[in-house]
$ cat final_38.pdb   # PDB, C-alpha atoms
ATOM      1  CA  MET A   1     -24.594 -80.582  12.130
ATOM      2  CA  GLY A   2     -23.166 -82.365  15.166
ATOM      3  CA  ILE A   3     -19.587 -82.006  16.343
ATOM      4  CA  ILE A   4     -18.571 -85.452  15.050
ATOM      5  CA  SER A   5     -19.958 -84.695  11.596
ATOM      6  CA  ARG A   6     -18.084 -81.383  11.602
ATOM      7  CA  PHE A   7     -14.847 -83.180  12.460
ATOM      8  CA  LEU A   8     -15.429 -85.725   9.694
ATOM      9  CA  LEU A   9     -16.148 -82.919   7.238
ATOM     10  CA  PHE A  10     -12.893 -81.214   8.209
ATOM     11  CA  PHE A  11     -10.955 -84.455   7.704
ATOM     12  CA  TYR A  12     -12.693 -85.052   4.366
ATOM     13  CA  THR A  13     -12.080 -81.567   3.023
ATOM     14  CA  LEU A  14      -8.454 -81.834   4.137
ATOM     15  CA  CYS A  15      -8.092 -85.006   2.021
ATOM     16  CA  ILE A  16      -9.756 -83.288  -0.963
ATOM     17  CA  ALA A  17      -7.490 -80.277  -0.525
ATOM     18  CA  LEU A  18      -4.365 -82.455  -0.524
ATOM     19  CA  LEU A  19      -5.627 -84.328  -3.570
ATOM     20  CA  SER A  20      -6.336 -81.137  -5.455
ATOM     21  CA  LEU A  21      -2.917 -79.836  -4.459
ATOM     22  CA  GLY A  22      -1.415 -82.976  -5.944
ATOM     23  CA  VAL A  23      -3.300 -82.389  -9.188
ATOM     24  CA  ILE A  24      -2.083 -78.780  -9.318
ATOM     25  CA  VAL A  25       1.483 -79.904  -8.741
ATOM     26  CA  LEU A  26       1.129 -82.506 -11.493
ATOM     27  CA  CYS A  27      -0.455 -80.151 -13.976
ATOM     28  CA  THR A  28       2.004 -77.314 -13.457
ATOM     29  CA  GLY A  29       4.976 -79.660 -13.691
ATOM     30  CA  VAL A  30       6.549 -78.378 -10.459
ATOM     31  CA  VAL A  31       7.474 -81.941  -9.677
ATOM     32  CA  PRO A  32       8.489 -84.091 -12.644
ATOM     33  CA  ALA A  33       5.749 -86.509 -13.626
ATOM     34  CA  ASP A  34       8.065 -89.544 -13.575
ATOM     35  CA  ASP A  35       9.158 -88.858 -10.001
ATOM     36  CA  LEU A  36       5.603 -88.313  -8.972
ATOM     37  CA  TRP A  37       4.474 -91.492 -10.700
ATOM     38  CA  ASN A  38       7.204 -93.523  -8.980
ATOM     39  CA  ASN A  39       6.168 -92.144  -5.639
ATOM     40  CA  MET A  40       2.522 -92.887  -6.344
ATOM     41  CA  LEU A  41       3.335 -96.466  -7.326
ATOM     42  CA  TYR A  42       5.186 -96.836  -4.058
ATOM     43  CA  VAL A  43       2.218 -95.430  -2.106
ATOM     44  CA  PHE A  44      -0.275 -97.667  -3.937
ATOM     45  CA  GLY A  45       1.844-100.682  -3.047
ATOM     46  CA  ARG A  46       1.474-100.056   0.722
ATOM     47  CA  ALA A  47      -1.196-101.670   2.843
ATOM     48  CA  GLU A  48      -1.740 -98.455   4.800
ATOM     49  CA  THR A  49      -3.030 -96.801   1.627
ATOM     50  CA  VAL A  50      -5.907 -99.297   1.473
ATOM     51  CA  GLY A  51      -6.784 -98.532   5.098
ATOM     52  CA  ILE A  52      -6.803 -94.787   4.496
ATOM     53  CA  ALA A  53      -8.896 -95.236   1.335
ATOM     54  CA  VAL A  54     -11.449 -97.301   3.254
ATOM     55  CA  VAL A  55     -11.661 -94.663   5.984
ATOM     56  CA  VAL A  56     -12.153 -91.861   3.435
ATOM     57  CA  PHE A  57     -14.846 -93.931   1.692
ATOM     58  CA  LEU A  58     -16.724 -94.496   4.946
ATOM     59  CA  VAL A  59     -16.472 -90.806   5.812
ATOM     60  CA  SER A  60     -17.916 -89.996   2.371
ATOM     61  CA  ILE A  61     -20.889 -92.251   3.016
ATOM     62  CA  GLU A  62     -21.471 -90.678   6.431
ATOM     63  CA  LEU A  63     -21.340 -87.145   5.073
ATOM     64  CA  MET A  64     -23.647 -88.078   2.191
ATOM     65  CA  GLY A  65     -26.067 -89.468   4.754
ATOM     66  CA  ASN A  66     -25.994 -86.159   6.599
ATOM     67  CA  CYS A  67     -26.818 -84.346   3.360
ATOM     68  CA  PHE A  68     -29.816 -86.483   2.499
ATOM     69  CA  GLY A  69     -31.094 -87.206   5.982
ATOM     70  CA  SER A  70     -34.193 -85.280   6.989
ATOM     71  CA  LYS A  71     -34.042 -82.936   9.918
ATOM     72  CA  GLY A  72     -36.496 -84.779  12.070
ATOM     73  CA  ASP A  73     -37.518 -84.099  15.618
ATOM     74  CA  LYS A  74     -34.813 -84.563  18.201
ATOM     75  CA  ASP A  75     -35.278 -87.632  20.402
ATOM     76  CA  LEU A  76     -34.768 -86.790  24.058
ATOM     77  CA  GLY A  77     -34.073 -90.303  25.315
ATOM     78  CA  THR A  78     -35.860 -92.770  27.550
ATOM     79  CA  GLU A  79     -37.202 -90.329  30.142
ATOM     80  CA  GLY A  80     -39.359 -87.248  29.826
ATOM     81  CA  VAL A  81     -39.315 -84.387  32.314
ATOM     82  CA  ILE A  82     -42.687 -83.736  33.935
ATOM     83  CA  VAL A  83     -41.661 -81.182  36.528
ATOM     84  CA  HIS A  84     -38.524 -79.087  36.701
ATOM     85  CA  GLY A  85     -38.629 -77.706  40.223
ATOM     86  CA  ALA A  86     -36.427 -76.111  42.864
ATOM     87  CA  GLN A  87     -36.219 -79.385  44.791
ATOM     88  CA  GLY A  88     -35.233 -81.428  41.747
ATOM     89  CA  ASP A  89     -36.633 -82.898  38.546
ATOM     90  CA  VAL A  90     -39.462 -85.355  38.155
ATOM     91  CA  LYS A  91     -39.005 -87.616  35.157
ATOM     92  CA  ILE A  92     -41.135 -90.402  33.757
ATOM     93  CA  SER A  93     -39.916 -93.377  31.769
ATOM     94  CA  LYS A  94     -41.297 -94.598  28.447
ATOM     95  CA  ALA A  95     -42.244 -97.891  30.083
ATOM     96  CA  ALA A  96     -44.483 -96.165  32.635
ATOM     97  CA  ILE A  97     -46.395 -94.277  29.950
ATOM     98  CA  THR A  98     -46.606 -97.381  27.742
ATOM     99  CA  ASP A  99     -48.126 -99.472  30.562
ATOM    100  CA  PHE A 100     -50.530 -96.685  31.474
ATOM    101  CA  CYS A 101     -51.756 -96.156  27.902
ATOM    102  CA  THR A 102     -52.015 -99.899  27.265
ATOM    103  CA  LYS A 103     -54.274-100.261  30.280
ATOM    104  CA  LEU A 104     -56.439 -97.330  29.183
ATOM    105  CA  CYS A 105     -56.834 -98.792  25.700
ATOM    106  CA  PHE A 106     -57.834-102.222  26.993
ATOM    107  CA  ASN A 107     -60.500-100.567  29.167
ATOM    108  CA  ILE A 108     -62.321 -99.458  26.025
ATOM    109  CA  ALA A 109     -64.839-101.905  24.614
ATOM    110  CA  GLY A 110     -63.855-103.271  21.252
ATOM    111  CA  VAL A 111     -60.101-103.207  21.683
ATOM    112  CA  ARG A 112     -58.694-106.708  21.308
ATOM    113  CA  ASP A 113     -54.980-105.904  21.235
ATOM    114  CA  VAL A 114     -52.843-102.800  21.460
ATOM    115  CA  LYS A 115     -49.215-101.860  21.009
ATOM    116  CA  VAL A 116     -47.996 -98.485  22.255
ATOM    117  CA  LYS A 117     -44.749 -96.799  21.350
ATOM    118  CA  VAL A 118     -43.670 -93.644  23.204
ATOM    119  CA  ARG A 119     -41.118 -91.055  22.181
ATOM    120  CA  PHE A 120     -40.035 -87.849  23.915
ATOM    121  CA  LEU A 121     -39.238 -85.342  21.179
ATOM    122  CA  LYS A 122     -38.311 -81.740  20.605
ATOM    123  CA  LYS A 123     -38.570 -79.879  17.305
ATOM    124  CA  SER A 124     -35.592 -77.624  17.973
ATOM    125  CA  ASP A 125     -33.514 -76.316  20.862
ATOM    126  CA  TYR A 126     -35.896 -73.383  21.264
ATOM    127  CA  ASP A 127     -39.132 -75.373  21.350
ATOM    128  CA  ASP A 128     -40.820 -77.110  24.277
ATOM    129  CA  PRO A 129     -40.505 -80.888  24.409
ATOM    130  CA  PHE A 130     -43.549 -82.987  23.587
ATOM    131  CA  THR A 131     -44.594 -86.615  23.890
ATOM    132  CA  ASN A 132     -45.504 -88.610  20.808
ATOM    133  CA  LEU A 133     -47.544 -91.802  21.072
ATOM    134  CA  ARG A 134     -47.903 -94.335  18.284
ATOM    135  CA  ILE A 135     -50.767 -96.718  18.996
ATOM    136  CA  ARG A 136     -51.467 -99.791  16.902
ATOM    137  CA  LEU A 137     -54.834-101.433  17.558
ATOM    138  CA  MET A 138     -56.645-104.639  16.839
ATOM    139  CA  LEU A 139     -60.409-104.083  17.059
ATOM    140  CA  GLY A 140     -63.456-106.282  17.126
ATOM    141  CA  GLN A 141     -65.385-106.332  13.860
ATOM    142  CA  GLU A 142     -68.635-105.183  15.434
ATOM    143  CA  TYR A 143     -67.186-101.837  16.580
ATOM    144  CA  SER A 144     -66.604 -98.584  14.726
ATOM    145  CA  ALA A 145     -62.894 -97.908  14.291
ATOM    146  CA  VAL A 146     -63.443 -94.149  14.068
ATOM    147  CA  ASP A 147     -65.434 -93.971  17.312
ATOM    148  CA  ILE A 148     -62.940 -96.112  19.200
ATOM    149  CA  ALA A 149     -59.965 -94.123  17.904
ATOM    150  CA  ASN A 150     -61.626 -90.845  18.922
ATOM    151  CA  GLU A 151     -62.431 -92.214  22.356
ATOM    152  CA  ILE A 152     -58.884 -93.474  22.860
ATOM    153  CA  GLN A 153     -57.377 -90.138  21.833
ATOM    154  CA  LYS A 154     -59.649 -88.144  24.118
ATOM    155  CA  ASN A 155     -59.272 -90.541  27.050
ATOM    156  CA  ILE A 156     -55.506 -90.863  26.881
ATOM    157  CA  LYS A 157     -54.896 -87.130  26.508
ATOM    158  CA  GLU A 158     -57.135 -86.354  29.488
ATOM    159  CA  GLN A 159     -55.608 -89.032  31.702
ATOM    160  CA  LEU A 160     -52.021 -88.157  30.815
ATOM    161  CA  ALA A 161     -52.671 -84.494  31.588
ATOM    162  CA  LEU A 162     -54.477 -85.286  34.838
ATOM    163  CA  TYR A 163     -52.318 -88.066  36.299
ATOM    164  CA  MET A 164     -48.919 -87.442  34.754
ATOM    165  CA  GLY A 165     -48.890 -83.733  34.080
ATOM    166  CA  LEU A 166     -48.109 -84.318  30.405
ATOM    167  CA  GLU A 167     -49.882 -81.583  28.459
ATOM    168  CA  ASN A 168     -48.100 -81.641  25.120
ATOM    169  CA  VAL A 169     -49.047 -85.009  23.680
ATOM    170  CA  THR A 170     -49.421 -85.958  20.025
ATOM    171  CA  MET A 171     -50.928 -89.272  19.041
ATOM    172  CA  ASP A 172     -50.944 -91.423  15.903
ATOM    173  CA  ILE A 173     -53.462 -94.260  15.921
ATOM    174  CA  THR A 174     -53.365 -97.085  13.402
ATOM    175  CA  VAL A 175     -55.923 -99.859  13.218
ATOM    176  CA  ASP A 176     -53.760-102.803  12.237
ATOM    177  CA  ASN A 177     -56.285-105.565  12.184
ATOM    178  CA  ILE A 178     -59.926-106.450  12.716
ATOM    179  CA  SER A 179     -60.520-109.480  14.887
ATOM    180  CA  ASN A 180     -63.153-112.084  14.023
ATOM    181  CA  THR A 181     -63.590-113.261  17.603
ATOM    182  CA  GLY A 182     -66.866-112.326  19.204
ATOM    183  CA  SER A 183     -67.311-110.614  22.518
ATOM    184  CA  LYS A 184     -67.790-112.537  25.721
ATOM    185  CA  LYS A 185     -71.472-112.932  26.577
ATOM    186  CA  LYS A 186     -72.934-114.450  29.690
ATOM    187  CA  ARG A 187     -75.167-117.388  28.877
ATOM    188  CA  VAL A 188     -77.023-117.343  32.140
ATOM    189  CA  VAL A 189     -78.102-114.603  34.529
TER     190      VAL A 189
ATOM    191  CA  MET B 190     -24.347 -75.561  68.162
ATOM    192  CA  ASP B 191     -22.574 -77.570  65.483
ATOM    193  CA  THR B 192     -24.665 -79.899  63.335
ATOM    194  CA  ILE B 193     -23.590 -83.414  62.475
ATOM    195  CA  ALA B 194     -22.385 -82.066  59.104
ATOM    196  CA  ASP B 195     -20.171 -79.541  60.806
ATOM    197  CA  LYS B 196     -18.772 -82.211  63.056
ATOM    198  CA  LYS B 197     -18.246 -84.537  60.080
ATOM    199  CA  ASP B 198     -14.603 -85.299  59.646
ATOM    200  CA  LYS B 199     -13.758 -82.915  62.402
ATOM    201  CA  LYS B 200     -11.413 -84.421  64.814
ATOM    202  CA  SER B 201     -12.615 -83.964  68.291
ATOM    203  CA  GLY B 202     -11.802 -85.627  71.481
ATOM    204  CA  LEU B 203     -14.453 -88.266  70.715
ATOM    205  CA  GLY B 204     -13.405 -89.102  67.146
ATOM    206  CA  VAL B 205     -14.554 -88.493  63.566
ATOM    207  CA  ILE B 206     -18.114 -88.846  62.264
ATOM    208  CA  ARG B 207     -18.566 -90.139  58.725
ATOM    209  CA  ILE B 208     -21.897 -91.034  57.153
ATOM    210  CA  ALA B 209     -21.838 -93.850  54.606
ATOM    211  CA  ASP B 210     -23.644 -93.397  51.296
ATOM    212  CA  GLU B 211     -25.703 -96.487  51.992
ATOM    213  CA  VAL B 212     -27.083 -94.952  55.164
ATOM    214  CA  VAL B 213     -28.390 -91.991  53.204
ATOM    215  CA  SER B 214     -29.794 -94.379  50.552
ATOM    216  CA  ILE B 215     -31.681 -96.383  53.143
ATOM    217  CA  ILE B 216     -33.124 -93.280  54.800
ATOM    218  CA  ALA B 217     -34.203 -91.876  51.427
ATOM    219  CA  GLY B 218     -35.684 -95.218  50.307
ATOM    220  CA  LEU B 219     -37.732 -95.643  53.478
ATOM    221  CA  ALA B 220     -38.903 -92.019  53.380
ATOM    222  CA  ALA B 221     -40.056 -92.442  49.778
ATOM    223  CA  THR B 222     -41.993 -95.665  50.371
ATOM    224  CA  GLU B 223     -43.800 -94.106  53.359
ATOM    225  CA  ILE B 224     -45.782 -91.902  50.980
ATOM    226  CA  GLU B 225     -49.188 -93.239  49.997
ATOM    227  CA  GLY B 226     -49.197 -93.635  46.230
ATOM    228  CA  VAL B 227     -45.717 -95.073  45.909
ATOM    229  CA  ASP B 228     -46.124 -98.703  44.889
ATOM    230  CA  GLY B 229     -42.466 -99.533  45.356
ATOM    231  CA  MET B 230     -38.928 -98.784  44.333
ATOM    232  CA  SER B 231     -37.583 -99.865  40.990
ATOM    233  CA  GLY B 232     -34.317-101.703  41.406
ATOM    234  CA  GLY B 233     -32.042-103.537  39.003
ATOM    235  CA  LEU B 234     -31.706-107.247  38.303
ATOM    236  CA  VAL B 235     -29.336-107.888  41.203
ATOM    237  CA  GLY B 236     -31.663-106.194  43.653
ATOM    238  CA  GLY B 237     -34.578-108.241  42.398
ATOM    239  CA  ILE B 238     -32.714-111.533  42.726
ATOM    240  CA  ALA B 239     -31.522-110.619  46.236
ATOM    241  CA  GLU B 240     -35.108-109.901  47.244
ATOM    242  CA  MET B 241     -36.279-113.219  45.840
ATOM    243  CA  LEU B 242     -33.704-114.913  48.058
ATOM    244  CA  GLY B 243     -35.252-113.198  51.073
ATOM    245  CA  ARG B 244     -32.778-110.378  51.571
ATOM    246  CA  LYS B 245     -34.460-107.011  52.075
ATOM    247  CA  ASN B 246     -32.861-104.256  50.072
ATOM    248  CA  PHE B 247     -33.882-100.932  51.577
ATOM    249  CA  SER B 248     -31.679 -98.945  49.250
ATOM    250  CA  LYS B 249     -33.163-100.438  46.077
ATOM    251  CA  GLY B 250     -34.004 -97.794  43.513
ATOM    252  CA  VAL B 251     -31.974 -95.098  45.276
ATOM    253  CA  LYS B 252     -28.807 -93.404  44.079
ATOM    254  CA  VAL B 253     -27.109 -90.820  46.254
ATOM    255  CA  GLU B 254     -24.184 -88.483  46.009
ATOM    256  CA  VAL B 255     -22.931 -87.570  49.449
ATOM    257  CA  GLY B 256     -20.470 -84.799  50.102
ATOM    258  CA  GLU B 257     -19.182 -83.412  53.344
ATOM    259  CA  GLN B 258     -22.143 -81.146  53.873
ATOM    260  CA  GLU B 259     -24.581 -81.808  51.054
ATOM    261  CA  ALA B 260     -26.353 -84.709  49.425
ATOM    262  CA  ALA B 261     -28.206 -85.246  46.160
ATOM    263  CA  VAL B 262     -30.684 -88.073  45.797
ATOM    264  CA  ASP B 263     -32.126 -89.842  42.742
ATOM    265  CA  LEU B 264     -35.138 -92.067  43.343
ATOM    266  CA  TYR B 265     -36.485 -94.653  40.902
ATOM    267  CA  LEU B 266     -40.137 -95.275  41.786
ATOM    268  CA  ILE B 267     -43.136 -97.264  40.710
ATOM    269  CA  VAL B 268     -46.327 -95.371  41.386
ATOM    270  CA  LYS B 269     -49.830 -96.686  41.954
ATOM    271  CA  TYR B 270     -52.394 -96.349  39.195
ATOM    272  CA  GLY B 271     -54.751 -93.399  39.688
ATOM    273  CA  VAL B 272     -52.304 -91.179  41.563
ATOM    274  CA  ARG B 273     -51.432 -87.745  40.217
ATOM    275  CA  ILE B 274     -47.703 -88.033  39.667
ATOM    276  CA  PRO B 275     -46.610 -84.366  39.978
ATOM    277  CA  ASP B 276     -48.380 -84.073  43.346
ATOM    278  CA  LEU B 277     -47.006 -87.384  44.584
ATOM    279  CA  ALA B 278     -43.498 -86.442  43.482
ATOM    280  CA  LEU B 279     -43.653 -83.214  45.477
ATOM    281  CA  LEU B 280     -44.677 -85.102  48.625
ATOM    282  CA  VAL B 281     -41.875 -87.618  48.121
ATOM    283  CA  GLN B 282     -39.305 -84.882  47.572
ATOM    284  CA  GLU B 283     -40.359 -83.055  50.739
ATOM    285  CA  ASN B 284     -40.447 -86.208  52.880
ATOM    286  CA  VAL B 285     -37.075 -87.474  51.671
ATOM    287  CA  LYS B 286     -35.426 -84.066  52.127
ATOM    288  CA  LYS B 287     -36.843 -83.751  55.634
ATOM    289  CA  ALA B 288     -35.822 -87.281  56.641
ATOM    290  CA  VAL B 289     -32.257 -87.043  55.347
ATOM    291  CA  GLU B 290     -31.665 -83.564  56.729
ATOM    292  CA  THR B 291     -33.086 -84.451  60.142
ATOM    293  CA  MET B 292     -31.275 -87.753  60.561
ATOM    294  CA  THR B 293     -27.910 -86.924  59.026
ATOM    295  CA  GLY B 294     -27.633 -83.149  59.169
ATOM    296  CA  LEU B 295     -26.670 -83.047  55.510
ATOM    297  CA  HIS B 296     -28.222 -80.361  53.333
ATOM    298  CA  VAL B 297     -30.186 -82.005  50.507
ATOM    299  CA  VAL B 298     -29.609 -79.973  47.360
ATOM    300  CA  GLU B 299     -31.955 -81.938  45.090
ATOM    301  CA  VAL B 300     -34.232 -84.964  45.062
ATOM    302  CA  ASN B 301     -34.809 -86.167  41.517
ATOM    303  CA  ILE B 302     -37.690 -88.557  40.918
ATOM    304  CA  HIS B 303     -37.658 -91.044  38.052
ATOM    305  CA  VAL B 304     -41.012 -92.773  37.583
ATOM    306  CA  GLN B 305     -40.207 -96.162  36.066
ATOM    307  CA  GLY B 306     -43.620 -97.766  36.019
ATOM    308  CA  VAL B 307     -47.255 -97.688  37.027
ATOM    309  CA  GLY B 308     -48.374-100.475  39.359
ATOM    310  CA  LEU B 309     -51.696-101.829  38.193
ATOM    311  CA  PRO B 310     -54.233-102.885  40.836
ATOM    312  CA  PRO B 311     -54.510-106.693  41.181
ATOM    313  CA  GLU B 312     -58.214-106.719  40.319
ATOM    314  CA  ALA B 313     -57.657-104.908  37.038
ATOM    315  CA  GLN B 314     -56.815-108.014  35.057
ATOM    316  CA  GLU B 315     -57.452-107.674  31.377
ATOM    317  CA  GLU B 316     -60.491-109.648  30.378
ATOM    318  CA  LYS B 317     -59.607-112.068  27.679
ATOM    319  CA  GLU B 318     -62.150-112.205  24.911
ATOM    320  CA  GLU B 319     -63.484-115.742  24.551
ATOM    321  CA  VAL B 320     -64.567-117.288  21.360
ATOM    322  CA  VAL B 321     -68.333-117.689  21.290
ATOM    323  CA  ARG B 322     -69.065-121.390  20.953
ATOM    324  CA  VAL B 323     -72.706-121.190  20.015
ATOM    325  CA  ARG B 324     -74.799-118.742  18.013
TER     326      ARG B 324
END
$ encode --input "final_38.pdb" --output "structure tokens"
Amino acid sequence: MGIISRFLLFFYTLCIALLSLGVIVLCTGVVPADDLWNNMLYVFGRAETVGIAVVVFLVSIELMGNCFGSKGDKDLGTEGVIVHGAQGDVKISKAAITDFCTKLCFNIAGVRDVKVKVRFLKKSDYDDPFTNLRIRLMLGQEYSAVDIANEIQKNIKEQLALYMGLENVTMDITVDNISNTGSKKKRVV
Amino acid sequence: MDTIADKKDKKSGLGVIRIADEVVSIIAGLAATEIEGVDGMSGGLVGGIAEMLGRKNFSKGVKVEVGEQEAAVDLYLIVKYGVRIPDLALLVQENVKKAVETMTGLHVVEVNIHVQGVGLPPEAQEEKEEVVRVR
């Protein structure tokens, strides 16, 4: 849980603790109920009470989100580190990898359109970072989707390792659409 | 013999030597673009507009932190397609470090490279698939 969520949880539990304390006081009769009721009516009549109630409600939603949210891979931002050397770091941006992969995909026969999404992720603080590619393709109808997908995976992984030094790459390929347009053929030699 | 860094801000009979950040940026930018495989430097919108108006910006894509004796450089590059980036980055780091240290006397503690894009060769235009008109 992040530091902000911890702070919100502290604030939330503090509110619950005060509320439960109020209930205890009411139930044990330490403070007369009439006095307490008059004070509560006064508090409910103030505008600040609405503000505090809204804040507590929003904090509840946020903490509920933390409970139900899945612990996915941690996104490392817009740049991935290729080399961490004595002279400095070498980083590569998502845009560079996207352009590179897009070009590689268009070089393969049968690919009509491609969209590439790149993420630099890490499973946990103790794991090595890896690069995840999500590739959405539009293919020509005369080509085998399985063969093209295999070729793209093999080609991209080899080229990224060779030219960018990215070894840990995972790839998800989706064939979005099949195009009806035919391939360009020369009519004359 | 004192280096320029040692003399920096030292009052002598001749005066004080101070090296502006932009000077270091320009030296680093020129040293980076000298390396074969670097397609260019990646600058922001302002840099791009200034270049369109004909003003050369030699410190485009370069950020420096200059102290009294040390400097740290961040370079934002576009590399040519087909170049092995880790090898190219090492050459750039060495050349920039050497150039800055030689010309200014500052000790370069790190040269960080940020690859922002891959420059595609002009002949590698994507072939558009044409609709076949006859069967």
$ resolve_selection --input "final_38.pdb" --expression "the PyMOL selection byres ((chain A) within 10 of (chain B))" --output "ChimeraX atom specification"
/A:79-100,103,106-107,110-112,140,159-166,180-185,187
$ resolve_selection --input "final_38.pdb" --expression "the PyMOL selection byres ((chain A and resi 117) around 9)" --output "tab-separated table (two decimals) with C-alpha atoms, keeping the file's coordinate frame"
chain	number	residue	atom	x	y	z
A	94	LYS	CA	-41.30	-94.60	28.45
A	98	THR	CA	-46.61	-97.38	27.74
A	115	LYS	CA	-49.22	-101.86	21.01
A	116	VAL	CA	-48.00	-98.48	22.26
A	118	VAL	CA	-43.67	-93.64	23.20
A	119	ARG	CA	-41.12	-91.06	22.18
A	132	ASN	CA	-45.50	-88.61	20.81
A	133	LEU	CA	-47.54	-91.80	21.07
A	134	ARG	CA	-47.90	-94.34	18.28
A	135	ILE	CA	-50.77	-96.72	19.00
A	136	ARG	CA	-51.47	-99.79	16.90
$ residues_around --input "final_38.pdb" --residues "region 288-291 of chain B" --least-positions-apart "3" --cutoff "9 Å" --atoms "all atoms listed in the file" --output "list in words"
Val213, Ile216, Ala217, Ala220, Ala260, Glu283, Asn284, Val285, Gly294, Leu295, His296 and Val297 of chain B
$ atom_distance --input "final_38.pdb" --atom1 "CA of Asp127 (chain A)" --atom2 "CA of Cys101 (chain A)"
25.2 Å
$ atom_distance --input "final_38.pdb" --atom1 "CA of Val55 (chain A)" --atom2 "CA of Thr13 (chain A)"
13.4 Å
$ residues_around --input "final_38.pdb" --residues "region 148-155 of chain A" --least-positions-apart "5" --cutoff "8 Å" --atoms "all atoms listed in the file" --output "VMD selection string"
chain A and resid 104 to 105 108 110 143 171 173
$ atom_distance --input "final_38.pdb" --atom1 "CA of Ser248 (chain B)" --atom2 "CA of Gly218 (chain B)"
5.6 Å
$ closest_residue --input "final_38.pdb" --among "B:Val281, B:Ile224, B:Ile206, B:Met230" --to "Asn246 (chain B)" --atoms "only C-alpha atoms"
B:Met230
